[in-house]
Amino acid sequence: MIPYSRQSISDDDIAAVTAVLRSDWLTQGPTVAAFEKALAEYCGTKFAVAVPNGTAALHLAYKAVGLSEGDELITSPNTFVATTNMALVCGAKPVFADIRRDTRNIDEAKIEALITKKTKAIVPVHFAGHPCEMDAIRHIAKKHDLLVIEDACHAIGAEYNGRRIGSLSDLSVFSFHPVKPITTGEGGAILTNNEEYYKKTLVLRTHGIMKDPKKTESIGKWFYEMVDMGFNHRITDIQCALGISQLQRLDQFQSQRETVAQYYFEKLRDESRIILPVRLPHIKHSWHLFAIEVRDVSKRRAVFDYLQKNGIGVQVHYIPVHYQPYYRQLGYGKKKYPNAERYYAGAISLPIYPDLTRAEQDFVIEKLREVLDS
């Protein structure tokens with residue numbers, strides 16, 4: 001089976017993990033801090049906090065800014081449910097803005113009409129690794145005194161107007177699942193330039209517990225205080241060792257993904273029965289996904305099944321959040337988002353990952369053309 005994405009693990013990755021396994025620290029040790037420092041430096045931001053997964057990163061980001069009952073955030077329906085689930089967990093209400101047909105990202109022109117007195121944040125999702133229009137989104141946020149929290153789970157390594165994703169907003173969130181541009185097995189991170197949010201996130205990550213150096217000096221090194229309702233959202237040194245090693249290969253991964261994407265464009269640009277993804281000139285795409293659309297949506301299922309039966313593990317990203325039964329029970333099924341719905345109706349994600357061979361890619365293209373011809 002050729003999957004739609006997969007991790008690339010080297011001998012150096014294995015050696016890095018093995019070294020930690022042989023050390024005294026499997027968790028809460030120095031490798032976590034080293035990974036966070038490397039992440040912040042790579043993305044050009046002051047602070048990074050590593051956590052077990054992208055969902056935990058979203059949760060802590062929302063909690064750090066005080067998102068709570070009665071608040072609203074504006075985001076895209078074309079995302080994984082974690083983006084909005086964590087808002088609901090905080091008591092806040094997600095509000096959807098439809099997507100652009102070209103990038104499949106939130107349509108920045110539709111955001112401002114949705115802002116109310118309850119709106120606290122805009123959460124742009126960099127779908128497939130193509131950054132949203134951050135200048136326009138930040139302008140809207142500044143005008144209305146709103147926070148911007150980027151769901152950048154697809155987009156580590158991507159750039160917007162020459163600046164790396166992770167450095168542009170109040171907070172940014174990454175995921176390091178095995179299908180993402182780099183992996184820690186499972187893992188995630190919150191990046192920010194705001195020291196208050198950084199310190200808040202550190203406390204929330206470990207049960208809301210902090211140690212005041214003055215009190216530990218006077219009372220004892222064992223002394224700690226729970227100052228907030230926190231969580232066990234800690235990541236291990238084992239995962240972070242893999243993360244440091246993977247981060248050193250991220251630019252190489254990006255180059256390999258770009259090569260795969262360009263070959264698809266070269267071979268499929270004349271294929272009128274599908275819609276290819278776009279890349280706007282002022283951005284650098286991470287190519288986490290290569291998502292096409294079948295123009296005749298009645299044939300999407302047949303195309304999907306044919307590719308799967310031929311050992312090509314295509315996927316669909318994503319079922320719009322407002323289609324999900326849980327969200328329909330909350331009343332989200334009443335409103336239509338025609339661009340997101342049209343995209344979903346024809347969407348198929350083709351394989352793209354660093355170790356995908358040219359022969360495998362040719363096979364994908366051959367089978368795609370076969371089923372479109374049939």
# chains A, B, ... in the order shown; residues from 1 in each chain; ligands from 1

$ select_by_dssp --residues "range 146-229 of chain A" --states "alpha helix (DSSP H)" --output "JSON, numbers by chain"
{"A": [195, 196, 197, 198, 199, 200, 201, 202, 203, 204, 205, 213, 214, 215, 216, 217, 218]}

$ write_last_selection --atoms "N, CA and C atoms" --output "compact mmCIF listing (two decimals), in the first residue's frame"
# COMPACT_ATOMS: atom_id res chain seq x y z
N GLU A 195 5.37 36.53 26.50
CA GLU A 195 5.90 35.84 27.67
C GLU A 195 4.80 35.41 28.64
N GLU A 196 3.76 36.23 28.76
CA GLU A 196 2.65 35.88 29.65
C GLU A 196 1.97 34.60 29.20
N TYR A 197 1.68 34.49 27.90
CA TYR A 197 1.07 33.27 27.38
C TYR A 197 2.01 32.07 27.54
N TYR A 198 3.27 32.31 27.32
CA TYR A 198 4.27 31.24 27.48
C TYR A 198 4.26 30.69 28.90
N LYS A 199 4.35 31.57 29.88
CA LYS A 199 4.38 31.13 31.28
C LYS A 199 3.08 30.45 31.67
N LYS A 200 1.96 30.98 31.18
CA LYS A 200 0.66 30.38 31.47
C LYS A 200 0.58 28.97 30.91
N THR A 201 1.08 28.79 29.70
CA THR A 201 1.04 27.48 29.06
C THR A 201 1.90 26.47 29.80
N LEU A 202 3.06 26.90 30.28
CA LEU A 202 3.92 26.00 31.05
C LEU A 202 3.21 25.50 32.30
N VAL A 203 2.51 26.39 32.98
CA VAL A 203 1.80 26.00 34.20
C VAL A 203 0.65 25.05 33.87
N LEU A 204 -0.13 25.39 32.85
CA LEU A 204 -1.27 24.56 32.47
C LEU A 204 -0.83 23.18 32.01
N ARG A 205 0.35 23.08 31.41
CA ARG A 205 0.84 21.79 30.89
C ARG A 205 1.04 20.77 32.01
N PRO A 213 10.61 30.09 43.19
CA PRO A 213 11.97 29.91 43.72
C PRO A 213 12.17 30.45 45.13
N LYS A 214 11.53 31.58 45.44
CA LYS A 214 11.66 32.14 46.79
C LYS A 214 11.07 31.21 47.84
N LYS A 215 9.92 30.59 47.50
CA LYS A 215 9.27 29.70 48.47
C LYS A 215 10.00 28.37 48.59
N THR A 216 10.53 27.86 47.47
CA THR A 216 11.28 26.60 47.57
C THR A 216 12.57 26.81 48.34
N GLU A 217 13.11 28.03 48.28
CA GLU A 217 14.32 28.35 49.05
C GLU A 217 14.03 28.41 50.54
N SER A 218 12.88 29.01 50.87
CA SER A 218 12.57 29.20 52.29
C SER A 218 11.89 27.98 52.91

$ closest_atom_pairs --of "range 55-124 of chain A" --to "range 329-333 of chain A" --cutoff "10 Å" --atoms "only C-alpha atoms" --output "Markdown table"
| residue | atom | partner | partner_atom | distance |
| --- | --- | --- | --- | --- |
| A:Pro94 | CA | A:Tyr332 | CA | 9.6 |
| A:Val95 | CA | A:Tyr332 | CA | 9.0 |
| A:Phe96 | CA | A:Tyr332 | CA | 9.1 |

$ residues_around --residues "Ala155 in chain A" --least-positions-apart "6" --cutoff "10 Å" --atoms "only C-alpha atoms" --output "PyMOL selection string"
chain A and resi 125-131+164-166+173-175+180-181+284-288

$ residues_around --residues "Glu366 in chain A" --least-positions-apart "4" --cutoff "12 Å" --atoms "only C-alpha atoms" --output "PDB file with C-alpha atoms, in the first residue's frame"
ATOM      1  CA  TYR A 264       2.133  16.032  -9.987  1.00  0.00           C
ATOM      2  CA  LYS A 267       1.969  15.334 -15.201  1.00  0.00           C
ATOM      3  CA  LEU A 268      -1.574  16.420 -14.311  1.00  0.00           C
ATOM      4  CA  TYR A 306     -10.412   2.356  -7.509  1.00  0.00           C
ATOM      5  CA  LEU A 307      -7.228   3.912  -6.156  1.00  0.00           C
ATOM      6  CA  ASN A 310      -4.994  -0.693  -6.436  1.00  0.00           C
ATOM      7  CA  ILE A 312      -2.987   3.566  -3.167  1.00  0.00           C
ATOM      8  CA  ALA A 359       7.996   4.943  -9.735  1.00  0.00           C
ATOM      9  CA  GLU A 360       5.327   4.996  -7.009  1.00  0.00           C
ATOM     10  CA  GLN A 361       4.210   8.444  -8.079  1.00  0.00           C
ATOM     11  CA  ASP A 362       3.993   7.348 -11.718  1.00  0.00           C
ATOM     12  CA  GLU A 370      -7.234   4.931 -15.707  1.00  0.00           C
ATOM     13  CA  VAL A 371     -10.202   5.471 -13.428  1.00  0.00           C
ATOM     14  CA  LEU A 372     -10.949   8.895 -14.872  1.00  0.00           C
ATOM     15  CA  ASP A 373     -10.992   7.299 -18.338  1.00  0.00           C
TER      16      ASP A 373
END

$ residues_around --residues "range 338-346 of chain A" --least-positions-apart "6" --cutoff "12 Å" --atoms "only C-alpha atoms" --output "MDAnalysis selection string"
chainID A and resid 76:79 96:107 110 127 273:277 291:304 315:323

$ write_last_selection --atoms "C-alpha atoms" --output "compact mmCIF listing (two decimals), in the first residue's frame"
# COMPACT_ATOMS: atom_id res chain seq x y z
CA SER A 76 -12.81 27.37 8.99
CA PRO A 77 -15.20 24.44 8.53
CA ASN A 78 -12.48 22.77 6.42
CA THR A 79 -10.40 21.42 9.28
CA PHE A 96 -17.47 29.26 10.78
CA ALA A 97 -16.43 31.41 7.85
CA ASP A 98 -16.55 29.73 4.45
CA ILE A 99 -13.32 28.96 2.59
CA ARG A 100 -11.71 30.31 -0.55
CA ARG A 101 -12.08 28.09 -3.61
CA ASP A 102 -8.43 28.46 -4.57
CA THR A 103 -6.47 27.77 -1.37
CA ARG A 104 -9.27 25.99 0.56
CA ASN A 105 -8.31 28.24 3.51
CA ILE A 106 -10.63 30.51 5.46
CA ASP A 107 -11.88 33.34 3.26
CA LYS A 110 -15.91 36.71 5.10
CA PHE A 127 -4.94 23.80 5.20
CA ARG A 273 -11.35 16.26 -15.04
CA ILE A 274 -9.67 17.24 -11.78
CA ILE A 275 -8.85 20.51 -9.99
CA LEU A 276 -5.28 20.76 -8.73
CA PRO A 277 -4.29 22.63 -5.56
CA ALA A 291 -5.43 17.50 -2.34
CA ILE A 292 -7.15 17.35 -5.72
CA GLU A 293 -10.85 17.65 -6.55
CA VAL A 294 -12.75 15.43 -8.97
CA ARG A 295 -14.81 17.89 -11.02
CA ASP A 296 -17.69 15.47 -11.48
CA VAL A 297 -18.44 14.92 -7.80
CA SER A 298 -20.70 11.97 -8.60
CA LYS A 299 -17.51 10.08 -9.57
CA ARG A 300 -15.43 10.88 -6.48
CA ARG A 301 -16.41 7.64 -4.71
CA ALA A 302 -15.51 5.54 -7.77
CA VAL A 303 -12.13 7.27 -8.11
CA PHE A 304 -11.41 6.88 -4.40
CA GLN A 315 -7.73 9.89 1.88
CA VAL A 316 -10.27 12.72 2.08
CA HIS A 317 -9.35 15.86 4.04
CA TYR A 318 -11.78 16.90 5.48
CA ILE A 319 -15.43 16.23 6.06
CA PRO A 320 -16.65 19.76 6.95
CA VAL A 321 -16.99 20.09 10.71
CA HIS A 322 -20.63 21.23 10.52
CA TYR A 323 -21.53 17.91 8.83

$ select_by_dssp --residues "range 210-322 of chain A" --states "strand (DSSP E or B)" --output "number ranges by chain"
A: 210, 225-226, 232, 236, 274-275, 283-284, 290-294, 312-313, 315

$ atom_distance --atom1 "CA of Arg257 in chain A" --atom2 "CA of Tyr353 in chain A"
5.8 Å

$ residues_around --residues "Cys90 in chain A" --least-positions-apart "4" --cutoff "12 Å" --atoms "only C-alpha atoms" --output "list in words"
Leu58, His59, Leu60, Ala61, Tyr62, Lys63, Ala64, Val65, Gly66, Leu67, Ser68, Glu69, Gly70, Asp71, Glu72, Leu73, Thr83, Thr84, Asn85, Met86, Pro94 and Met229 of chain A

$ write_last_selection --atoms "N, CA and C atoms" --output "PDB file, in the first residue's frame"
ATOM      1  N   LEU A  58      -3.695  22.937  20.920  1.00  0.00           N
ATOM      2  CA  LEU A  58      -4.869  23.802  20.754  1.00  0.00           C
ATOM      3  C   LEU A  58      -5.539  24.079  22.098  1.00  0.00           C
ATOM      4  N   HIS A  59      -5.707  23.044  22.880  1.00  0.00           N
ATOM      5  CA  HIS A  59      -6.356  23.178  24.188  1.00  0.00           C
ATOM      6  C   HIS A  59      -5.614  24.193  25.057  1.00  0.00           C
ATOM      7  N   LEU A  60      -4.299  24.034  25.169  1.00  0.00           N
ATOM      8  CA  LEU A  60      -3.531  24.927  26.028  1.00  0.00           C
ATOM      9  C   LEU A  60      -3.465  26.346  25.469  1.00  0.00           C
ATOM     10  N   ALA A  61      -3.408  26.464  24.151  1.00  0.00           N
ATOM     11  CA  ALA A  61      -3.407  27.801  23.545  1.00  0.00           C
ATOM     12  C   ALA A  61      -4.701  28.535  23.880  1.00  0.00           C
ATOM     13  N   TYR A  62      -5.828  27.845  23.738  1.00  0.00           N
ATOM     14  CA  TYR A  62      -7.117  28.463  24.062  1.00  0.00           C
ATOM     15  C   TYR A  62      -7.212  28.811  25.550  1.00  0.00           C
ATOM     16  N   LYS A  63      -6.747  27.895  26.397  1.00  0.00           N
ATOM     17  CA  LYS A  63      -6.810  28.150  27.838  1.00  0.00           C
ATOM     18  C   LYS A  63      -5.864  29.292  28.240  1.00  0.00           C
ATOM     19  N   ALA A  64      -4.719  29.374  27.603  1.00  0.00           N
ATOM     20  CA  ALA A  64      -3.730  30.389  27.964  1.00  0.00           C
ATOM     21  C   ALA A  64      -4.251  31.799  27.737  1.00  0.00           C
ATOM     22  N   VAL A  65      -5.085  31.969  26.698  1.00  0.00           N
ATOM     23  CA  VAL A  65      -5.630  33.305  26.408  1.00  0.00           C
ATOM     24  C   VAL A  65      -6.952  33.546  27.111  1.00  0.00           C
ATOM     25  N   GLY A  66      -7.410  32.561  27.897  1.00  0.00           N
ATOM     26  CA  GLY A  66      -8.619  32.744  28.690  1.00  0.00           C
ATOM     27  C   GLY A  66      -9.910  32.506  27.949  1.00  0.00           C
ATOM     28  N   LEU A  67      -9.857  31.753  26.857  1.00  0.00           N
ATOM     29  CA  LEU A  67     -11.089  31.439  26.125  1.00  0.00           C
ATOM     30  C   LEU A  67     -12.032  30.667  27.044  1.00  0.00           C
ATOM     31  N   SER A  68     -13.275  31.129  27.156  1.00  0.00           N
ATOM     32  CA  SER A  68     -14.180  30.531  28.143  1.00  0.00           C
ATOM     33  C   SER A  68     -15.639  30.706  27.732  1.00  0.00           C
ATOM     34  N   GLU A  69     -16.521  30.320  28.631  1.00  0.00           N
ATOM     35  CA  GLU A  69     -17.963  30.369  28.408  1.00  0.00           C
ATOM     36  C   GLU A  69     -18.391  31.759  27.931  1.00  0.00           C
ATOM     37  N   GLY A  70     -19.152  31.767  26.830  1.00  0.00           N
ATOM     38  CA  GLY A  70     -19.645  33.019  26.281  1.00  0.00           C
ATOM     39  C   GLY A  70     -18.780  33.624  25.193  1.00  0.00           C
ATOM     40  N   ASP A  71     -17.558  33.126  25.062  1.00  0.00           N
ATOM     41  CA  ASP A  71     -16.668  33.625  24.008  1.00  0.00           C
ATOM     42  C   ASP A  71     -16.956  32.927  22.684  1.00  0.00           C
ATOM     43  N   GLU A  72     -16.583  33.579  21.599  1.00  0.00           N
ATOM     44  CA  GLU A  72     -16.668  33.000  20.262  1.00  0.00           C
ATOM     45  C   GLU A  72     -15.316  33.111  19.578  1.00  0.00           C
ATOM     46  N   LEU A  73     -15.029  32.149  18.710  1.00  0.00           N
ATOM     47  CA  LEU A  73     -13.873  32.256  17.827  1.00  0.00           C
ATOM     48  C   LEU A  73     -14.331  31.965  16.405  1.00  0.00           C
ATOM     49  N   THR A  83      -9.726  21.373  16.024  1.00  0.00           N
ATOM     50  CA  THR A  83      -9.663  22.832  16.030  1.00  0.00           C
ATOM     51  C   THR A  83     -10.830  23.417  16.806  1.00  0.00           C
ATOM     52  N   THR A  84     -12.008  22.888  16.568  1.00  0.00           N
ATOM     53  CA  THR A  84     -13.215  23.411  17.213  1.00  0.00           C
ATOM     54  C   THR A  84     -13.583  22.650  18.484  1.00  0.00           C
ATOM     55  N   ASN A  85     -13.245  21.369  18.541  1.00  0.00           N
ATOM     56  CA  ASN A  85     -13.533  20.607  19.755  1.00  0.00           C
ATOM     57  C   ASN A  85     -12.920  21.257  20.982  1.00  0.00           C
ATOM     58  N   MET A  86     -11.674  21.705  20.852  1.00  0.00           N
ATOM     59  CA  MET A  86     -10.991  22.287  22.013  1.00  0.00           C
ATOM     60  C   MET A  86     -11.605  23.628  22.410  1.00  0.00           C
ATOM     61  N   PRO A  94     -17.498  27.934  18.463  1.00  0.00           N
ATOM     62  CA  PRO A  94     -16.892  28.142  17.151  1.00  0.00           C
ATOM     63  C   PRO A  94     -17.904  28.766  16.188  1.00  0.00           C
ATOM     64  N   MET A 229      -6.313  25.365  37.310  1.00  0.00           N
ATOM     65  CA  MET A 229      -6.776  24.037  36.916  1.00  0.00           C
ATOM     66  C   MET A 229      -6.037  23.646  35.639  1.00  0.00           C
TER      67      MET A 229
END

$ closest_atom_pairs --of "range 112-216 of chain A" --to "range 3-10 of chain A" --cutoff "9 Å" --atoms "only C-alpha atoms" --output "tab-separated table"
residue	atom	partner	partner_atom	distance
A:His177	CA	A:Gln7	CA	8.6
A:Pro178	CA	A:Gln7	CA	5.0
A:Val179	CA	A:Arg6	CA	4.8
A:Lys180	CA	A:Gln7	CA	7.6
A:Pro181	CA	A:Gln7	CA	8.2
A:Ile182	CA	A:Gln7	CA	7.4
A:Thr183	CA	A:Gln7	CA	6.8
A:Gly185	CA	A:Gln7	CA	8.8

$ write_last_selection --atoms "N, CA and C atoms" --output "CSV table (one decimal), in the first residue's frame"
chain,number,residue,atom,x,y,z
A,177,HIS,N,2.4,14.5,14.4
A,177,HIS,CA,1.9,13.2,14.1
A,177,HIS,C,2.7,12.6,12.9
A,178,PRO,N,2.8,11.3,12.8
A,178,PRO,CA,3.7,10.7,11.8
A,178,PRO,C,3.4,11.2,10.3
A,179,VAL,N,2.2,11.6,10.0
A,179,VAL,CA,1.9,12.1,8.6
A,179,VAL,C,2.3,13.5,8.4
A,180,LYS,N,2.7,14.3,9.5
A,180,LYS,CA,3.0,15.7,9.4
A,180,LYS,C,4.5,15.9,8.9
A,181,PRO,N,4.8,17.2,8.5
A,181,PRO,CA,6.1,17.4,8.0
A,181,PRO,C,7.3,16.9,8.8
A,182,ILE,N,7.2,16.9,10.1
A,182,ILE,CA,8.2,16.2,11.0
A,182,ILE,C,7.4,15.5,12.0
A,183,THR,N,8.0,14.5,12.6
A,183,THR,CA,7.2,13.7,13.6
A,183,THR,C,8.0,13.5,14.9
A,185,GLY,N,6.4,11.0,16.8
A,185,GLY,CA,5.5,9.9,17.1
A,185,GLY,C,4.1,10.4,17.2

$ residues_around --residues "range 135-137 of chain A" --least-positions-apart "2" --cutoff "8 Å" --atoms "only C-alpha atoms" --output "list in words"
Glu108, Ile122, Glu133, His139, Ile140, Ala141 and Val148 of chain A

$ write_last_selection --atoms "N, CA and C atoms" --output "PDB file, in the first residue's frame"
ATOM      1  N   GLU A 108     -10.705  35.271   4.083  1.00  0.00           N
ATOM      2  CA  GLU A 108     -10.509  36.438   4.952  1.00  0.00           C
ATOM      3  C   GLU A 108     -11.558  37.522   4.707  1.00  0.00           C
ATOM      4  N   ILE A 122      -9.597  34.895  16.197  1.00  0.00           N
ATOM      5  CA  ILE A 122      -9.676  34.317  14.857  1.00  0.00           C
ATOM      6  C   ILE A 122      -8.676  33.179  14.820  1.00  0.00           C
ATOM      7  N   GLU A 133      -4.161  34.065   4.425  1.00  0.00           N
ATOM      8  CA  GLU A 133      -3.779  35.452   4.164  1.00  0.00           C
ATOM      9  C   GLU A 133      -3.628  36.198   5.484  1.00  0.00           C
ATOM     10  N   HIS A 139      -4.852  42.337  10.230  1.00  0.00           N
ATOM     11  CA  HIS A 139      -5.440  43.680  10.150  1.00  0.00           C
ATOM     12  C   HIS A 139      -6.844  43.686  10.757  1.00  0.00           C
ATOM     13  N   ILE A 140      -7.633  42.691  10.420  1.00  0.00           N
ATOM     14  CA  ILE A 140      -8.992  42.589  10.972  1.00  0.00           C
ATOM     15  C   ILE A 140      -8.923  42.420  12.491  1.00  0.00           C
ATOM     16  N   ALA A 141      -8.016  41.553  12.946  1.00  0.00           N
ATOM     17  CA  ALA A 141      -7.893  41.302  14.379  1.00  0.00           C
ATOM     18  C   ALA A 141      -7.488  42.569  15.133  1.00  0.00           C
ATOM     19  N   VAL A 148      -5.206  36.340  17.429  1.00  0.00           N
ATOM     20  CA  VAL A 148      -5.044  35.423  16.302  1.00  0.00           C
ATOM     21  C   VAL A 148      -4.271  34.210  16.798  1.00  0.00           C
TER      22      VAL A 148
END

$ closest_residue --among "A:Met134, A:Met1, A:Ile74, A:Ile190" --to "Lys118 in chain A" --atoms "only C-alpha atoms"
A:Ile74

$ closest_residue --among "A:Pro124, A:Ile365, A:Pro325, A:His207" --to "Arg269 in chain A" --atoms "only C-alpha atoms"
A:Ile365

$ closest_residue --among "A:Leu26, A:Asp151, A:Thr192, A:Gln239" --to "Val81 in chain A" --atoms "only C-alpha atoms"
A:Asp151

$ closest_residue --among "A:Asp170, A:Glu258, A:Asp305, A:Glu36" --to "Pro354 in chain A" --atoms "only C-alpha atoms"
A:Glu258

$ decode --residues "range 39-64 of chain A" --atoms "N, CA and C atoms" --output "compact mmCIF listing (two decimals), in the first residue's frame"
# COMPACT_ATOMS: atom_id res chain seq x y z
N LEU A 39 12.92 24.52 18.19
CA LEU A 39 11.69 24.90 17.48
C LEU A 39 11.56 26.42 17.39
N ALA A 40 11.75 27.08 18.52
CA ALA A 40 11.62 28.53 18.56
C ALA A 40 12.63 29.19 17.63
N GLU A 41 13.85 28.69 17.64
CA GLU A 41 14.90 29.26 16.79
C GLU A 41 14.58 29.03 15.31
N TYR A 42 14.10 27.84 14.98
CA TYR A 42 13.80 27.54 13.58
C TYR A 42 12.69 28.45 13.05
N CYS A 43 11.67 28.66 13.86
CA CYS A 43 10.51 29.43 13.41
C CYS A 43 10.67 30.93 13.61
N GLY A 44 11.71 31.34 14.34
CA GLY A 44 11.93 32.76 14.55
C GLY A 44 11.01 33.38 15.57
N THR A 45 10.74 32.62 16.63
CA THR A 45 9.87 33.12 17.70
C THR A 45 10.59 32.99 19.04
N LYS A 46 10.08 33.65 20.07
CA LYS A 46 10.78 33.67 21.36
C LYS A 46 10.59 32.39 22.16
N PHE A 47 9.36 31.85 22.13
CA PHE A 47 9.04 30.76 23.05
C PHE A 47 8.34 29.61 22.32
N ALA A 48 8.61 28.40 22.78
CA ALA A 48 7.90 27.21 22.32
C ALA A 48 7.64 26.30 23.51
N VAL A 49 6.47 25.69 23.54
CA VAL A 49 6.11 24.74 24.58
C VAL A 49 5.66 23.46 23.90
N ALA A 50 6.38 22.37 24.14
CA ALA A 50 6.07 21.09 23.51
C ALA A 50 5.06 20.31 24.35
N VAL A 51 4.14 19.64 23.66
CA VAL A 51 3.04 18.91 24.31
C VAL A 51 2.81 17.58 23.58
N PRO A 52 1.92 16.72 24.09
CA PRO A 52 1.80 15.36 23.53
C PRO A 52 1.22 15.28 22.13
N ASN A 53 0.45 16.27 21.68
CA ASN A 53 -0.17 16.21 20.35
C ASN A 53 -0.71 17.59 19.99
N GLY A 54 -1.14 17.73 18.75
CA GLY A 54 -1.67 19.00 18.29
C GLY A 54 -2.95 19.40 19.00
N THR A 55 -3.76 18.43 19.38
CA THR A 55 -5.00 18.72 20.11
C THR A 55 -4.71 19.34 21.46
N ALA A 56 -3.73 18.78 22.17
CA ALA A 56 -3.32 19.35 23.46
C ALA A 56 -2.78 20.77 23.25
N ALA A 57 -2.07 20.98 22.15
CA ALA A 57 -1.54 22.32 21.85
C ALA A 57 -2.67 23.32 21.67
N LEU A 58 -3.69 22.94 20.92
CA LEU A 58 -4.87 23.80 20.75
C LEU A 58 -5.54 24.08 22.10
N HIS A 59 -5.71 23.04 22.88
CA HIS A 59 -6.36 23.18 24.19
C HIS A 59 -5.61 24.19 25.06
N LEU A 60 -4.30 24.03 25.17
CA LEU A 60 -3.53 24.93 26.03
C LEU A 60 -3.47 26.35 25.47
N ALA A 61 -3.41 26.46 24.15
CA ALA A 61 -3.41 27.80 23.54
C ALA A 61 -4.70 28.54 23.88
N TYR A 62 -5.83 27.85 23.74
CA TYR A 62 -7.12 28.46 24.06
C TYR A 62 -7.21 28.81 25.55
N LYS A 63 -6.75 27.90 26.40
CA LYS A 63 -6.81 28.15 27.84
C LYS A 63 -5.86 29.29 28.24
N ALA A 64 -4.72 29.37 27.60
CA ALA A 64 -3.73 30.39 27.96
C ALA A 64 -4.25 31.80 27.74
